[in-house]
>>> print(open('query.txt').read())   # compact mmCIF, C-alpha atoms and all ligand atoms
# COMPACT_ATOMS: atom_id res chain seq x y z
CA MET A 1 4.75 17.99 2.60
CA GLY A 2 4.48 14.51 1.25
CA SER A 3 7.74 13.48 -0.39
CA VAL A 4 9.22 10.15 0.65
CA GLU A 5 12.83 9.09 0.31
CA LEU A 6 14.98 6.11 1.28
CA ARG A 7 18.65 7.02 1.21
CA ASN A 8 21.20 4.19 1.20
CA VAL A 9 18.91 2.10 3.37
CA THR A 10 20.05 -1.27 4.62
CA PHE A 11 17.70 -3.21 6.85
CA SER A 12 17.78 -6.48 8.74
CA TYR A 13 14.80 -7.78 10.69
CA PRO A 14 15.60 -8.08 14.40
CA GLY A 15 17.41 -11.36 14.96
CA ALA A 16 17.86 -12.05 11.25
CA GLU A 17 21.39 -12.63 10.01
CA ALA A 18 21.10 -11.49 6.42
CA ALA A 19 19.98 -8.02 5.38
CA THR A 20 16.51 -7.93 3.80
CA LEU A 21 17.20 -4.54 2.16
CA LYS A 22 20.60 -3.56 0.82
CA ASN A 23 21.57 0.00 0.06
CA VAL A 24 18.13 0.97 -1.22
CA ASN A 25 17.63 4.40 -2.79
CA ILE A 26 14.10 5.47 -3.60
CA LYS A 27 12.77 8.97 -4.07
CA VAL A 28 9.12 9.81 -4.55
CA GLU A 29 8.21 13.47 -4.97
CA LYS A 30 5.11 14.99 -3.45
CA GLY A 31 2.04 13.98 -5.45
CA GLN A 32 3.85 11.36 -7.50
CA TYR A 33 2.60 7.84 -8.06
CA ALA A 34 5.40 5.33 -7.60
CA ALA A 35 5.19 1.58 -8.07
CA LEU A 36 7.34 -1.11 -6.47
CA VAL A 37 7.52 -4.37 -8.37
CA GLY A 38 9.65 -7.45 -8.00
CA PRO A 39 9.53 -11.14 -7.20
CA SER A 40 7.91 -12.50 -4.06
CA GLY A 41 10.14 -12.07 -1.04
CA SER A 42 12.25 -9.34 -2.67
CA GLY A 43 11.48 -6.83 0.09
CA LYS A 44 8.65 -4.65 -1.20
CA THR A 45 6.42 -4.88 1.87
CA THR A 46 9.47 -4.41 4.06
CA ILE A 47 10.20 -1.08 2.33
CA SER A 48 6.65 0.03 3.11
CA TYR A 49 7.15 -0.75 6.81
CA LEU A 50 10.09 1.64 7.08
CA ILE A 51 8.14 4.71 5.91
CA PRO A 52 5.77 5.04 8.91
CA ARG A 53 8.67 3.67 11.00
CA LEU A 54 7.02 0.36 11.89
CA TYR A 55 10.67 -0.75 11.66
CA GLU A 56 13.78 1.41 11.62
CA ALA A 57 16.47 1.37 8.95
CA THR A 58 19.59 -0.44 10.19
CA LYS A 59 21.75 1.87 8.06
CA GLY A 60 20.91 4.92 6.00
CA GLN A 61 17.97 7.28 6.27
CA VAL A 62 14.25 7.33 5.65
CA LEU A 63 12.95 10.83 5.00
CA PHE A 64 9.39 12.07 5.10
CA ALA A 65 8.85 15.56 3.66
CA GLY A 66 12.61 16.05 3.93
CA SER A 67 12.88 15.12 7.62
CA ASP A 68 14.39 11.94 9.00
CA VAL A 69 11.48 9.83 10.27
CA LYS A 70 13.43 9.28 13.48
CA GLU A 71 12.83 12.95 14.22
CA ILE A 72 9.10 12.83 13.56
CA ALA A 73 6.68 11.79 16.31
CA GLN A 74 5.20 8.35 15.57
CA ALA A 75 1.68 9.77 15.94
CA ASP A 76 2.38 12.35 13.24
CA LEU A 77 3.69 9.67 10.89
CA ILE A 78 0.64 7.51 11.48
CA ASP A 79 -1.59 10.53 10.76
CA ASN A 80 0.24 11.30 7.53
CA VAL A 81 0.69 7.85 6.06
CA GLY A 82 -2.29 5.71 5.11
CA ILE A 83 -1.78 2.03 4.39
CA VAL A 84 -4.12 -0.19 2.42
CA ASN A 85 -3.50 -3.91 2.28
CA GLN A 86 -5.55 -7.07 2.45
CA GLU A 87 -4.66 -7.72 6.05
CA THR A 88 -6.93 -4.87 7.03
CA TYR A 89 -7.78 -5.19 10.67
CA LEU A 90 -11.46 -4.99 11.44
CA PHE A 91 -12.33 -4.84 15.10
CA HIS A 92 -15.41 -6.48 16.50
CA ALA A 93 -17.86 -3.64 15.98
CA THR A 94 -20.23 -2.41 13.29
CA ILE A 95 -19.05 -1.49 9.80
CA LYS A 96 -19.93 2.10 10.58
CA GLU A 97 -17.71 2.10 13.67
CA ASN A 98 -14.92 0.44 11.75
CA LEU A 99 -15.06 3.25 9.21
CA ALA A 100 -15.56 6.13 11.63
CA TYR A 101 -12.43 5.18 13.51
CA ALA A 102 -10.41 6.69 10.63
CA LYS A 103 -12.04 10.05 11.34
CA PRO A 104 -13.46 10.47 14.81
CA GLY A 105 -16.61 12.56 14.62
CA ALA A 106 -17.29 11.76 10.95
CA THR A 107 -20.93 12.28 10.01
CA ASP A 108 -23.07 9.53 8.47
CA GLU A 109 -22.96 11.47 5.20
CA GLU A 110 -19.15 11.51 5.20
CA ILE A 111 -19.03 7.79 5.96
CA THR A 112 -21.48 6.94 3.19
CA ALA A 113 -19.64 9.17 0.72
CA ALA A 114 -16.33 7.43 1.50
CA ALA A 115 -17.95 4.00 1.16
CA LYS A 116 -19.45 5.00 -2.19
CA ALA A 117 -16.12 6.28 -3.48
CA ALA A 118 -14.51 3.02 -2.35
CA ASN A 119 -17.15 0.97 -4.20
CA ILE A 120 -18.30 -0.78 -1.05
CA HIS A 121 -21.53 1.11 -0.30
CA GLU A 122 -23.72 -1.19 -2.37
CA THR A 123 -22.29 -4.30 -0.73
CA ILE A 124 -22.82 -2.84 2.74
CA SER A 125 -26.36 -1.76 1.84
CA SER A 126 -27.18 -5.28 0.71
CA PHE A 127 -26.60 -6.66 4.23
CA PRO A 128 -29.81 -6.94 6.29
CA GLU A 129 -28.33 -4.64 8.92
CA GLY A 130 -26.44 -2.41 6.51
CA TYR A 131 -23.83 -0.19 8.17
CA ASP A 132 -24.83 -1.67 11.55
CA THR A 133 -23.62 -5.14 10.54
CA MET A 134 -21.14 -6.50 13.07
CA VAL A 135 -17.79 -7.52 11.55
CA GLY A 136 -14.46 -8.70 12.90
CA GLU A 137 -14.15 -11.59 15.30
CA ARG A 138 -17.38 -13.63 15.41
CA GLY A 139 -18.93 -11.06 13.07
CA TYR A 140 -19.85 -11.13 9.40
CA ARG A 141 -16.92 -12.38 7.36
CA LEU A 142 -16.03 -9.94 4.63
CA SER A 143 -13.98 -11.23 1.71
CA GLY A 144 -10.41 -10.06 1.12
CA GLY A 145 -11.54 -7.72 -1.65
CA GLU A 146 -14.33 -6.29 0.52
CA LYS A 147 -11.91 -5.71 3.38
CA GLN A 148 -9.57 -3.96 0.98
CA ARG A 149 -12.37 -1.63 -0.05
CA ILE A 150 -13.20 -0.95 3.61
CA ALA A 151 -9.53 -0.02 4.01
CA ILE A 152 -9.81 2.33 1.04
CA ALA A 153 -12.91 3.96 2.53
CA ARG A 154 -10.97 4.46 5.76
CA VAL A 155 -8.12 6.12 3.88
CA LEU A 156 -10.57 8.43 2.11
CA LEU A 157 -11.97 9.47 5.49
CA LYS A 158 -8.52 9.95 6.96
CA ASP A 159 -7.25 11.77 3.86
CA PRO A 160 -3.49 11.38 4.47
CA PRO A 161 -0.95 13.07 2.13
CA VAL A 162 0.93 9.79 1.65
CA LEU A 163 -0.64 6.50 0.71
CA ILE A 164 0.91 3.05 0.61
CA LEU A 165 -0.99 0.40 -1.30
CA ASP A 166 0.12 -3.16 -0.79
CA GLU A 167 -1.85 -5.14 -3.32
CA ALA A 168 -2.89 -8.69 -2.74
CA THR A 169 -1.15 -11.36 -4.75
CA SER A 170 -4.31 -13.35 -5.30
CA SER A 171 -5.61 -13.08 -8.82
CA MET A 172 -8.90 -11.36 -9.40
CA ASP A 173 -11.43 -11.77 -12.16
CA THR A 174 -11.58 -8.97 -14.72
CA GLN A 175 -14.73 -7.45 -13.25
CA SER A 176 -13.28 -7.22 -9.71
CA GLU A 177 -9.99 -5.95 -11.09
CA ARG A 178 -11.79 -3.16 -12.91
CA ILE A 179 -13.69 -2.15 -9.76
CA VAL A 180 -10.51 -2.16 -7.68
CA GLN A 181 -8.69 -0.15 -10.35
CA GLU A 182 -11.39 2.51 -10.48
CA THR A 183 -11.43 2.67 -6.73
CA LEU A 184 -7.69 3.07 -6.51
CA ASP A 185 -7.67 5.78 -9.18
CA ALA A 186 -10.03 7.80 -6.99
CA VAL A 187 -7.99 7.34 -3.85
CA THR A 188 -4.52 8.01 -5.29
CA ARG A 189 -5.41 11.26 -7.02
CA ASN A 190 -3.62 14.26 -5.47
CA ARG A 191 -1.70 12.09 -3.05
CA THR A 192 1.86 10.80 -2.92
CA THR A 193 1.32 7.11 -3.58
CA ILE A 194 3.61 4.13 -3.28
CA ALA A 195 1.89 1.15 -4.83
CA ILE A 196 3.24 -2.34 -4.35
CA ALA A 197 1.77 -3.78 -7.45
CA HIS A 198 0.97 -7.25 -8.62
CA ARG A 199 -1.19 -6.17 -11.51
CA LEU A 200 0.20 -4.54 -14.60
CA SER A 201 -2.71 -2.11 -14.79
CA THR A 202 -1.58 -0.50 -11.51
CA VAL A 203 1.95 0.02 -12.82
CA ILE A 204 1.78 1.16 -16.43
CA ASN A 205 0.95 4.79 -15.67
CA ALA A 206 3.22 5.20 -12.64
CA ASP A 207 5.45 8.29 -12.63
CA VAL A 208 8.28 6.04 -11.55
CA ILE A 209 8.69 2.30 -11.10
CA PHE A 210 11.28 0.76 -8.79
CA VAL A 211 12.17 -2.85 -9.54
CA ILE A 212 13.22 -4.72 -6.43
CA SER A 213 15.16 -7.96 -6.49
CA ALA A 214 16.67 -9.69 -3.45
CA GLY A 215 16.48 -6.51 -1.36
CA GLU A 216 18.02 -4.20 -3.93
CA VAL A 217 16.67 -1.67 -6.40
CA VAL A 218 17.90 -3.13 -9.67
CA GLU A 219 16.12 -0.79 -12.11
CA SER A 220 13.96 2.30 -12.00
CA GLY A 221 12.11 4.48 -14.47
CA THR A 222 8.87 4.64 -16.38
CA HIS A 223 7.12 1.64 -17.92
CA LYS A 224 8.28 2.69 -21.39
CA LYS A 225 11.88 3.16 -20.41
CA LEU A 226 12.07 -0.08 -18.44
CA LEU A 227 10.49 -2.12 -21.22
CA LYS A 228 13.12 -0.82 -23.61
CA SER A 229 16.02 -1.71 -21.36
CA ASN A 230 15.00 -5.38 -21.47
CA GLY A 231 15.88 -6.19 -17.87
CA LEU A 232 13.99 -7.77 -14.99
CA TYR A 233 11.00 -5.45 -15.47
CA SER A 234 10.37 -6.49 -19.05
CA LYS A 235 10.74 -10.10 -17.97
CA LEU A 236 8.15 -9.61 -15.22
CA VAL A 237 5.83 -7.87 -17.64
CA ASN A 238 6.11 -10.73 -20.09
CA GLU A 239 5.14 -13.06 -17.29
CA GLN A 240 2.33 -10.63 -16.33
CA PHE A 241 3.82 -10.29 -12.87
CA LYS A 242 3.04 -13.92 -12.14
CA GLY A 243 4.31 -14.76 -8.69
CA ALA A 244 5.57 -11.21 -8.21
N1 LIG B 1 9.18 -10.17 10.50
C1 LIG B 1 10.12 -10.72 9.73
N2 LIG B 1 11.24 -11.27 10.27
C2 LIG B 1 12.20 -11.80 9.50
N3 LIG B 1 12.14 -11.86 8.17
C3 LIG B 1 11.05 -11.34 7.56
C4 LIG B 1 9.99 -10.75 8.31
N4 LIG B 1 9.05 -10.31 7.44
C5 LIG B 1 9.51 -10.63 6.21
N5 LIG B 1 10.71 -11.23 6.28
C6 LIG B 1 11.54 -11.69 5.15
O1 LIG B 1 11.96 -10.56 4.41
C7 LIG B 1 11.99 -10.86 3.02
C8 LIG B 1 11.19 -9.82 2.26
O2 LIG B 1 9.83 -9.96 2.59
P1 LIG B 1 8.69 -8.96 2.06
O3 LIG B 1 7.45 -9.31 2.75
O4 LIG B 1 9.19 -7.56 2.18
O5 LIG B 1 8.66 -9.39 0.50
P2 LIG B 1 7.68 -8.89 -0.64
O6 LIG B 1 8.54 -8.37 -1.74
O7 LIG B 1 6.65 -7.98 -0.09
O8 LIG B 1 7.01 -10.26 -1.14
P3 LIG B 1 5.50 -10.54 -1.68
O9 LIG B 1 5.49 -10.09 -3.13
O10 LIG B 1 5.38 -12.04 -1.59
O11 LIG B 1 4.52 -9.82 -0.83
C9 LIG B 1 11.47 -12.28 2.87
O12 LIG B 1 12.56 -13.14 2.73
C10 LIG B 1 10.74 -12.52 4.17
O13 LIG B 1 10.77 -13.88 4.53
MG MG B 2 4.58 -8.15 0.19
>>> encode(input="query.txt", output="structure tokens")
Amino acid sequence: MGSVELRNVTFSYPGAEAATLKNVNIKVEKGQYAALVGPSGSGKTTISYLIPRLYEATKGQVLFAGSDVKEIAQADLIDNVGIVNQETYLFHATIKENLAYAKPGATDEEITAAAKAANIHETISSFPEGYDTMVGERGYRLSGGEKQRIAIARVLLKDPPVLILDEATSSMDTQSERIVQETLDAVTRNRTTIAIAHRLSTVINADVIFVISAGEVVESGTHKKLLKSNGLYSKLVNEQFKGA
């Protein structure tokens, strides 16, 4: 369980004329950490949508644990694939409820442990109402980084075999970047991970990096190998992924 593969995938958004993804081949083995990098608009987030079948491939196949996702019940896919991005949806309820929704019946201890591992426990505890603070619409406004850590805590509670991380483009200060990096290290361990990365630190140690440009995989391999081949990856690295 847990491998992810895109096989000759072409994809056009409904109503769009041009294909957003063209003949994409990506294979991530169970437990591997893969990174997707490439310029803005190249199709990285779109690739992530096809895995839990939020959209279907126009041509080709998306496979989860060796099975075509079209043959897997949507509910099973949702259970098996966790997604962390900055557009984390918080419903109008307490922080505790927003976390517990990832694992119905979770105990307070489990919720606190997940929040600690996601480096958000201290922030939550600093609020006058702590875990009972109302968030979401009309509630306390968490920052993008805080929301991302709530999303990580949710994933830890849910504990899915496959994790998709769609990093925010916004630059972070070194301190926040270090916290996020430590948090992500904890959450990606022992899990098939596909990280859409805008920070070099998330990419360097990936088992495999796929470089996406204009909807195509133009290079793949490890950081070392890609740097040597002097292509788009090394160019992006030299620009520190600016605008990627
Ligand atoms: N719902 C949609 N309908 C039509 N086109 C879309 C839709 N969502 C995204 N696109 C287009 O698909 C292309 C790829 O977008 P995508 O969000 O996958 O890029 P990305 O590589 O994740 O970029 P970024 O690094 O800025 O997040 C873009 O040209 C975008 O405008
Ligand atoms: Mg994106």
>>> atom_distance(input="query.txt", atom1="CA of Thr45 (chain A)", atom2="CA of Thr123 (chain A)")
28.8 Å
>>> atom_distance(input="query.txt", atom1="atom N5 of ligand LIG 1 (chain B)", atom2="CA of Tyr33 (chain A)")
25.2 Å
>>> residues_around(input="query.txt", residues="Gly215 (chain A)", least_positions_apart="4", cutoff="8 Å", atoms="all atoms listed in the file", output="list in words")
Ala19, Thr20, Leu21, Lys22, Val24, Ser42 and Gly43 of chain A
>>> residues_near_ligand(input="query.txt", ligand="ligand LIG 1 (chain B)", cutoff="9 Å", atoms="all atoms listed in the file", output="MDAnalysis selection string")
chainID A and resid 12:16 19:21 36:49 166:169 196:198 212:215 243:244
>>> atom_distance(input="query.txt", atom1="CA of Tyr140 (chain A)", atom2="CA of Ile78 (chain A)")
27.8 Å
>>> residues_near_point(input="query.txt", point="(5.2, 18.1, 3.1)", cutoff="9 Å", atoms="all atoms listed in the file", output="list of chain:residue names")
A:Met1, A:Gly2, A:Ser3, A:Lys30, A:Phe64, A:Ala65, A:Gly66, A:Pro161
>>> closest_residue(input="query.txt", among="A:Ala206, A:Ala115, A:Leu6, A:Ala102", to="Gln32 (chain A)", atoms="only C-alpha atoms")
A:Ala206
>>> residues_around(input="query.txt", residues="Thr112 (chain A)", least_positions_apart="6", cutoff="10 Å", atoms="all atoms listed in the file", output="ChimeraX atom specification")
/A:96,99,118,120-121,124,131,153
>>> residues_around(input="query.txt", residues="Asn205 (chain A)", least_positions_apart="2", cutoff="12 Å", atoms="only C-alpha atoms", output="list in words")
Gln32, Tyr33, Ala34, Ala35, Asp185, Ala195, Ala197, Arg199, Leu200, Ser201, Thr202, Val203, Asp207, Val208, Ile209, Gly221, Thr222, His223 and Lys224 of chain A
>>> closest_residue(input="query.txt", among="A:Ile164, A:Val218, A:Val69, A:Val9", to="ligand MG 2 (chain B)", atoms="only C-alpha atoms and all ligand atoms")
A:Ile164
>>> closest_residue(input="query.txt", among="A:Thr188, A:Gln61, A:Asn85, A:Gln175", to="ligand MG 2 (chain B)", atoms="only C-alpha atoms and all ligand atoms")
A:Asn85
>>> closest_residue(input="query.txt", among="A:Ser126, A:Thr174, A:Thr107, A:Thr94", to="Arg138 (chain A)", atoms="only C-alpha atoms")
A:Thr94
>>> closest_residue(input="query.txt", among="A:Ile83, A:Ala106, A:Val237, A:Ile51", to="Lys70 (chain A)", atoms="all atoms listed in the file")
A:Ile51
>>> closest_residue(input="query.txt", among="A:Ala73, A:Leu165, A:Ala18, A:Ile152", to="ligand MG 2 (chain B)", atoms="all atoms listed in the file")
A:Leu165
>>> axis_aligned_box(input="query.txt", around="region 145-154 of chain A", padding_each_side="4 Å", output="AutoDock Vina command-line options")
--center_x -11.9 --center_y -1.6 --center_z 2.1 --size_x 12.8 --size_y 20.2 --size_z 15.4
>>> build_atoms(input="query.txt", residues="region 170-195 of chain A", atoms="N, CA and C atoms", output="JSON list (two decimals), keeping the file's coordinate frame")
[["chain", "number", "residue", "atom", "x", "y", "z"],
["A", 170, "SER", "N", -3.27, -12.48, -4.75],
["A", 170, "SER", "CA", -4.31, -13.35, -5.30],
["A", 170, "SER", "C", -4.89, -12.75, -6.58],
["A", 171, "SER", "N", -5.10, -13.58, -7.55],
["A", 171, "SER", "CA", -5.61, -13.08, -8.82],
["A", 171, "SER", "C", -7.09, -12.76, -8.69],
["A", 172, "MET", "N", -7.50, -11.77, -9.43],
["A", 172, "MET", "CA", -8.90, -11.36, -9.40],
["A", 172, "MET", "C", -9.49, -11.55, -10.78],
["A", 173, "ASP", "N", -10.81, -11.72, -10.84],
["A", 173, "ASP", "CA", -11.43, -11.77, -12.16],
["A", 173, "ASP", "C", -11.45, -10.35, -12.73],
["A", 174, "THR", "N", -11.68, -10.25, -14.03],
["A", 174, "THR", "CA", -11.58, -8.97, -14.72],
["A", 174, "THR", "C", -12.52, -7.92, -14.13],
["A", 175, "GLN", "N", -13.72, -8.36, -13.81],
["A", 175, "GLN", "CA", -14.73, -7.45, -13.25],
["A", 175, "GLN", "C", -14.24, -6.85, -11.93],
["A", 176, "SER", "N", -13.77, -7.71, -11.01],
["A", 176, "SER", "CA", -13.28, -7.22, -9.71],
["A", 176, "SER", "C", -12.06, -6.34, -9.91],
["A", 177, "GLU", "N", -11.20, -6.72, -10.84],
["A", 177, "GLU", "CA", -9.99, -5.95, -11.09],
["A", 177, "GLU", "C", -10.35, -4.55, -11.56],
["A", 178, "ARG", "N", -11.37, -4.46, -12.40],
["A", 178, "ARG", "CA", -11.79, -3.16, -12.91],
["A", 178, "ARG", "C", -12.33, -2.29, -11.77],
["A", 179, "ILE", "N", -13.14, -2.90, -10.89],
["A", 179, "ILE", "CA", -13.69, -2.15, -9.76],
["A", 179, "ILE", "C", -12.56, -1.65, -8.87],
["A", 180, "VAL", "N", -11.63, -2.55, -8.56],
["A", 180, "VAL", "CA", -10.51, -2.16, -7.68],
["A", 180, "VAL", "C", -9.70, -1.04, -8.34],
["A", 181, "GLN", "N", -9.47, -1.17, -9.66],
["A", 181, "GLN", "CA", -8.69, -0.15, -10.35],
["A", 181, "GLN", "C", -9.36, 1.22, -10.29],
["A", 182, "GLU", "N", -10.66, 1.24, -10.54],
["A", 182, "GLU", "CA", -11.39, 2.51, -10.48],
["A", 182, "GLU", "C", -11.33, 3.10, -9.08],
["A", 183, "THR", "N", -11.45, 2.23, -8.11],
["A", 183, "THR", "CA", -11.43, 2.67, -6.73],
["A", 183, "THR", "C", -10.07, 3.28, -6.39],
["A", 184, "LEU", "N", -9.03, 2.59, -6.82],
["A", 184, "LEU", "CA", -7.69, 3.07, -6.51],
["A", 184, "LEU", "C", -7.39, 4.38, -7.23],
["A", 185, "ASP", "N", -7.88, 4.53, -8.45],
["A", 185, "ASP", "CA", -7.67, 5.78, -9.18],
["A", 185, "ASP", "C", -8.23, 6.94, -8.36],
["A", 186, "ALA", "N", -9.40, 6.74, -7.77],
["A", 186, "ALA", "CA", -10.03, 7.80, -6.99],
["A", 186, "ALA", "C", -9.22, 8.13, -5.75],
["A", 187, "VAL", "N", -8.64, 7.12, -5.15],
["A", 187, "VAL", "CA", -7.99, 7.34, -3.85],
["A", 187, "VAL", "C", -6.55, 7.86, -4.01],
["A", 188, "THR", "N", -5.92, 7.58, -5.14],
["A", 188, "THR", "CA", -4.52, 8.01, -5.29],
["A", 188, "THR", "C", -4.39, 9.41, -5.88],
["A", 189, "ARG", "N", -5.44, 9.92, -6.42],
["A", 189, "ARG", "CA", -5.41, 11.26, -7.02],
["A", 189, "ARG", "C", -4.97, 12.29, -5.98],
["A", 190, "ASN", "N", -4.08, 13.18, -6.36],
["A", 190, "ASN", "CA", -3.62, 14.26, -5.47],
["A", 190, "ASN", "C", -2.97, 13.77, -4.19],
["A", 191, "ARG", "N", -2.31, 12.64, -4.24],
["A", 191, "ARG", "CA", -1.70, 12.09, -3.05],
["A", 191, "ARG", "C", -0.38, 11.43, -3.46],
["A", 192, "THR", "N", 0.64, 11.55, -2.66],
["A", 192, "THR", "CA", 1.86, 10.80, -2.92],
["A", 192, "THR", "C", 1.51, 9.34, -2.69],
["A", 193, "THR", "N", 1.73, 8.51, -3.71],
["A", 193, "THR", "CA", 1.32, 7.11, -3.58],
["A", 193, "THR", "C", 2.49, 6.17, -3.87],
["A", 194, "ILE", "N", 2.64, 5.18, -3.04],
["A", 194, "ILE", "CA", 3.61, 4.13, -3.28],
["A", 194, "ILE", "C", 2.79, 2.85, -3.38],
["A", 195, "ALA", "N", 2.71, 2.34, -4.60],
["A", 195, "ALA", "CA", 1.89, 1.15, -4.83],
["A", 195, "ALA", "C", 2.77, -0.07, -5.02]]
